[in-house]
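This is query_18.cif (mmCIF, C-alpha atoms and all ligand atoms).
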```cif
data_input
#
loop_
_atom_site.group_PDB
_atom_site.id
_atom_site.type_symbol
_atom_site.label_atom_id
_atom_site.label_comp_id
_atom_site.auth_asym_id
_atom_site.auth_seq_id
_atom_site.Cartn_x
_atom_site.Cartn_y
_atom_site.Cartn_z
ATOM 1 C CA MET I 1 0.000 0.000 0.000
ATOM 2 C CA ARG I 2 1.498 3.342 -1.071
ATOM 3 C CA ARG I 3 0.302 6.518 0.461
ATOM 4 C CA ALA I 4 2.838 9.002 -0.862
ATOM 5 C CA GLY I 5 5.185 8.778 -3.826
ATOM 6 C CA PRO I 6 8.776 9.977 -3.631
ATOM 7 C CA ALA I 7 7.742 13.538 -4.493
ATOM 8 C CA GLY I 8 5.160 13.653 -1.731
ATOM 9 C CA ARG I 9 7.662 12.298 0.716
ATOM 10 C CA THR I 10 10.185 15.001 -0.232
ATOM 11 C CA VAL I 11 7.630 17.719 0.419
ATOM 12 C CA VAL I 12 6.819 16.217 3.807
ATOM 13 C CA LEU I 13 10.518 15.992 4.675
ATOM 14 C CA LEU I 14 11.174 19.580 3.602
ATOM 15 C CA ALA I 15 8.239 20.834 5.655
ATOM 16 C CA LEU I 16 9.346 18.761 8.613
ATOM 17 C CA SER I 17 12.951 19.933 8.480
ATOM 18 C CA GLY I 18 11.794 23.543 8.473
ATOM 19 C CA TRP I 19 9.573 22.865 11.425
ATOM 20 C CA LEU I 20 12.368 21.080 13.282
ATOM 21 C CA ALA I 21 14.828 23.890 12.596
ATOM 22 C CA ALA I 22 12.353 26.407 13.973
ATOM 23 C CA CYS I 23 11.598 24.290 17.024
ATOM 24 C CA ALA I 24 15.193 23.447 17.823
ATOM 25 C CA GLY I 25 15.776 27.055 18.809
ATOM 26 C CA SER I 26 17.996 27.784 15.832
ATOM 27 C CA ILE I 27 15.502 30.483 14.865
ATOM 28 C CA PRO I 28 15.917 32.412 18.104
ATOM 29 C CA ARG I 29 13.471 34.926 19.482
ATOM 30 C CA PRO I 30 14.952 38.412 19.711
ATOM 31 C CA ALA I 31 15.941 39.634 23.162
ATOM 32 C CA ALA I 32 15.654 43.147 24.574
ATOM 33 C CA ASP I 33 19.418 43.757 24.626
ATOM 34 C CA GLN I 34 19.634 42.698 20.980
ATOM 35 C CA ALA I 35 16.921 45.224 20.131
ATOM 36 C CA VAL I 36 18.864 47.992 21.884
ATOM 37 C CA ARG I 37 22.026 47.074 19.993
ATOM 38 C CA ALA I 38 20.180 46.819 16.683
ATOM 39 C CA ALA I 39 18.558 50.221 17.226
ATOM 40 C CA GLY I 40 22.041 51.686 17.559
ATOM 41 C CA ARG I 41 22.820 50.490 14.053
ATOM 42 C CA SER I 42 19.398 50.865 12.460
ATOM 43 C CA PRO I 43 17.345 53.635 14.068
ATOM 44 C CA GLY I 44 13.711 52.697 14.593
ATOM 45 C CA VAL I 45 14.338 49.029 15.355
ATOM 46 C CA THR I 46 12.392 47.832 18.400
ATOM 47 C CA LEU I 47 11.867 44.489 20.090
ATOM 48 C CA GLU I 48 8.442 44.426 18.403
ATOM 49 C CA SER I 49 9.851 45.062 14.943
ATOM 50 C CA LEU I 50 12.430 42.303 15.446
ATOM 51 C CA SER I 51 9.677 39.918 16.583
ATOM 52 C CA ARG I 52 7.719 40.828 13.485
ATOM 53 C CA GLY I 53 10.802 40.162 11.362
ATOM 54 C CA ARG I 54 11.153 36.740 12.953
ATOM 55 C CA ALA I 55 7.484 35.934 12.385
ATOM 56 C CA LEU I 56 7.811 36.964 8.733
ATOM 57 C CA TYR I 57 10.976 34.919 8.308
ATOM 58 C CA VAL I 58 9.296 31.811 9.729
ATOM 59 C CA ALA I 59 6.052 32.332 7.813
ATOM 60 C CA LYS I 60 7.346 33.482 4.434
ATOM 61 C CA CYS I 61 10.695 31.743 4.061
ATOM 62 C CA SER I 62 9.844 28.202 5.122
ATOM 63 C CA GLY I 63 7.516 27.251 2.280
ATOM 64 C CA CYS I 64 10.094 25.976 -0.211
ATOM 65 C CA HIS I 65 13.142 25.033 1.837
ATOM 66 C CA ALA I 66 14.225 24.622 5.418
ATOM 67 C CA LEU I 67 14.849 27.752 7.439
ATOM 68 C CA GLU I 68 18.478 28.388 8.163
ATOM 69 C CA ALA I 69 19.680 29.736 11.481
ATOM 70 C CA PRO I 70 20.496 33.450 11.361
ATOM 71 C CA ALA I 71 23.985 32.654 12.657
ATOM 72 C CA ALA I 72 24.590 30.107 9.895
ATOM 73 C CA HIS I 73 25.684 32.822 7.484
ATOM 74 C CA PRO I 74 27.517 36.151 7.602
ATOM 75 C CA GLU I 75 25.429 39.306 7.436
ATOM 76 C CA ALA I 76 26.530 40.007 3.873
ATOM 77 C CA PHE I 77 25.021 36.683 2.807
ATOM 78 C CA TRP I 78 21.600 37.627 4.224
ATOM 79 C CA ALA I 79 21.847 41.144 2.841
ATOM 80 C CA GLU I 80 22.219 39.581 -0.596
ATOM 81 C CA HIS I 81 19.758 36.679 -0.315
ATOM 82 C CA VAL I 82 16.776 38.238 1.457
ATOM 83 C CA PRO I 83 16.185 40.814 -1.302
ATOM 84 C CA ALA I 84 16.871 38.095 -3.879
ATOM 85 C CA MET I 85 14.075 35.965 -2.373
ATOM 86 C CA ALA I 86 11.622 38.828 -1.918
ATOM 87 C CA ASP I 87 9.616 38.054 -5.051
ATOM 88 C CA ARG I 88 9.473 34.324 -4.392
ATOM 89 C CA ALA I 89 8.347 34.919 -0.807
ATOM 90 C CA ARG I 90 5.884 37.586 -1.984
ATOM 91 C CA LEU I 91 7.314 40.159 0.386
ATOM 92 C CA SER I 92 6.063 43.700 0.129
ATOM 93 C CA GLY I 93 6.749 47.087 1.648
ATOM 94 C CA ASP I 94 9.124 46.979 4.583
ATOM 95 C CA GLU I 95 8.951 43.193 4.977
ATOM 96 C CA PRO I 96 12.404 42.454 3.470
ATOM 97 C CA ALA I 97 13.958 45.062 5.788
ATOM 98 C CA LEU I 98 12.133 43.664 8.839
ATOM 99 C CA ILE I 99 13.417 40.162 8.086
ATOM 100 C CA LEU I 100 16.939 41.421 7.466
ATOM 101 C CA ARG I 101 17.051 43.483 10.684
ATOM 102 C CA TYR I 102 15.914 40.369 12.589
ATOM 103 C CA LEU I 103 18.547 38.121 10.969
ATOM 104 C CA GLU I 104 21.273 40.673 11.773
ATOM 105 C CA ALA I 105 20.125 41.368 15.329
ATOM 106 C CA VAL I 106 20.011 37.840 16.737
ATOM 107 C CA ARG I 107 23.473 36.830 15.628
ATOM 108 C CA PRO I 108 25.978 36.100 18.411
ATOM 109 C CA GLN I 109 27.890 39.292 19.162
ATOM 110 C CA SER I 110 30.865 37.729 20.924
ATOM 111 C CA ARG I 111 33.240 37.418 18.016
HETATM 112 C C1 LIG I 201 8.637 30.013 -3.627
HETATM 113 C C2 LIG I 201 9.723 29.252 -3.027
HETATM 114 C C3 LIG I 201 10.719 29.985 -2.133
HETATM 115 C C4 LIG I 201 10.449 30.831 -1.080
HETATM 116 C C5 LIG I 201 9.097 31.266 -0.545
HETATM 117 C C6 LIG I 201 11.745 31.241 -0.549
HETATM 118 N N1 LIG I 201 12.747 30.623 -1.231
HETATM 119 FE FE1 LIG I 201 14.720 30.746 -0.832
HETATM 120 N N2 LIG I 201 15.155 29.544 -2.398
HETATM 121 C C7 LIG I 201 14.210 28.956 -3.247
HETATM 122 C C8 LIG I 201 14.913 28.187 -4.265
HETATM 123 C C9 LIG I 201 14.244 27.404 -5.388
HETATM 124 C C10 LIG I 201 16.291 28.322 -4.007
HETATM 125 C C11 LIG I 201 17.488 27.705 -4.752
HETATM 126 C C12 LIG I 201 17.694 28.294 -6.112
HETATM 127 C C13 LIG I 201 18.180 29.713 -6.116
HETATM 128 O O1 LIG I 201 19.073 30.061 -5.322
HETATM 129 O O2 LIG I 201 17.672 30.507 -6.929
HETATM 130 C C14 LIG I 201 16.400 29.161 -2.836
HETATM 131 C C15 LIG I 201 17.593 29.516 -2.250
HETATM 132 C C16 LIG I 201 17.728 30.273 -1.094
HETATM 133 C C17 LIG I 201 18.977 30.597 -0.476
HETATM 134 C C18 LIG I 201 20.344 30.206 -0.991
HETATM 135 C C19 LIG I 201 20.927 29.062 -0.220
HETATM 136 C C20 LIG I 201 22.408 28.916 -0.534
HETATM 137 O O3 LIG I 201 23.111 28.379 0.325
HETATM 138 O O4 LIG I 201 22.858 29.381 -1.595
HETATM 139 C C21 LIG I 201 18.694 31.362 0.611
HETATM 140 C C22 LIG I 201 19.656 31.934 1.636
HETATM 141 C C23 LIG I 201 17.270 31.532 0.668
HETATM 142 N N3 LIG I 201 16.709 30.834 -0.382
HETATM 143 C C24 LIG I 201 16.614 32.288 1.614
HETATM 144 C C25 LIG I 201 15.252 32.558 1.574
HETATM 145 C C26 LIG I 201 14.606 33.539 2.411
HETATM 146 C C27 LIG I 201 15.304 34.400 3.452
HETATM 147 C C28 LIG I 201 13.283 33.516 2.088
HETATM 148 C C29 LIG I 201 12.182 34.400 2.649
HETATM 149 C C30 LIG I 201 12.347 35.837 2.424
HETATM 150 C C31 LIG I 201 13.102 32.503 1.042
HETATM 151 N N4 LIG I 201 14.329 31.970 0.760
HETATM 152 C C32 LIG I 201 11.892 32.145 0.493
HETATM 153 C C33 LIG I 201 12.850 29.065 -3.131
HETATM 154 C C34 LIG I 201 12.178 29.849 -2.217
#
```
As structure tokens, please, write out the structure in this file.
Amino acid sequence: MRRAGPAGRTVVLLALSGWLAACAGSIPRPAADQAVRAAGRSPGVTLESLSRGRALYVAKCSGCHALEAPAAHPEAFWAEHVPAMADRARLSGDEPALILRYLEAVRPQSR
């Protein structure tokens, strides 16, 4: 008895890996001190705007491939790829910027 062909299984695995990545804490929630630091670099950033960026990242960027941890790539990588994915993710208005500010803000600062 076959319930899902190979293609169906791939979709399930992709969805599952995104869900696991998000649940494993690799998609961290922004903290207040990170918001303060981020506001120093990008005026107007607040804890709320970072939380909104995270929610957008999880909701809009997990449909086609697994979410990657913000710390998995240097900032320049995100600065290039978030705008590049904006059309695919159907982002509008300030959504790309909100996602980018989130990805920058929650990176480990102890380098
Ligand atoms: C409609 C499907 C779709 C959505 C939604 C989507 N992506 Fe992608 N993404 C792809 C595909 C397909 C590729 C690989 C081909 C390419 O790079 O053009 C890709 C590649 C990437 C890569 C490159 C990975 C690497 O190591 O080179 C990154 C980073 C990325 N996506 C981030 C995002 C982010 C951030 C969002 C949300 C803003 C997003 N994606 C939303 C389809 C999607």
What are the nearest atom pairs, with distances in Å to one decimal, for all residues of chain I that come at most 6 Å from ligand LIG 201 (chain I), using all atoms listed in the file, set out by chain and rising residue number as a tab-separated table?
```
residue	atom	partner	partner_atom	distance
I:Tyr57	CA	I:LIG201	C29	5.8
I:Lys60	CA	I:LIG201	C29	5.2
I:Cys61	CA	I:LIG201	C29	3.4
I:Gly63	CA	I:LIG201	C5	5.2
I:Cys64	CA	I:LIG201	C2	4.3
I:His81	CA	I:LIG201	C22	5.1
I:Val82	CA	I:LIG201	C27	4.6
I:Met85	CA	I:LIG201	C31	5.0
I:Ala86	CA	I:LIG201	C30	5.3
I:Arg88	CA	I:LIG201	C1	4.5
I:Ala89	CA	I:LIG201	C5	3.7
```
Inset, instruction - Go ahead and compute the interatomic distance for CA of Ala76 (chain I) and CA of Arg52 (chain I), in Å to one decimal. - result: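 Rounded to one decimal, the two atoms are 21.1 Å apart.
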Inset, instruction - Excluding region 41-49 of chain I and any residue of its chain fewer than 3 positions from it, enumerate the residues within 7 Å of it, using all atoms listed in the file, and give them as number ranges by chain. - result: I: 30, 32, 35, 37-38, 52-53, 98
Legend entry - Expected selection from the PyMOL selection byres (((chain I and resi 104) around 9) and not hetatm), given as a list in words: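 Selected by the PyMOL selection byres (((chain I and resi 104) around 9) and not hetatm) here: Ala38, Pro70, Ala71, Pro74, Glu75, Trp78, Ala79, Ile99, Leu100, Arg101, Tyr102, Leu103, Ala105, Val106 and Arg107 of chain I.
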Legend entry - Nearest residue to Ala59 (chain I) from the set I:Val36, I:Pro108, I:Glu95, I:Glu80 (distances using all atoms listed in the file):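 Counting all atoms listed in the file, the residue closest to Ala59 (chain I) is I:Glu95.
The space between CA of Leu50 (chain I) and CA of Gln34 (chain I) spans 9.1 Å.
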Legend entry - Nearest-residue call for Gln109 (chain I), choices I:Ala39, I:Ala97, I:Asp33, I:Ala69, using only C-alpha atoms: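 The answer is I:Asp33, which sits nearest to Gln109 (chain I).
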Legend entry - Interatomic distance, CA of His73 (chain I) to CA of Pro96 (chain I) (Å, one decimal):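 So the answer is 16.9 Å.
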To box region 26-35 of chain I, take all atoms listed in the file, fit an axis-aligned box, add 6 Å on each side, and give centre and edge lengths in Å to one decimal, as AutoDock Vina command-line options.
```
--center_x 16.6 --center_y 36.5 --center_z 19.7 --size_x 18.2 --size_y 29.4 --size_z 21.8
```
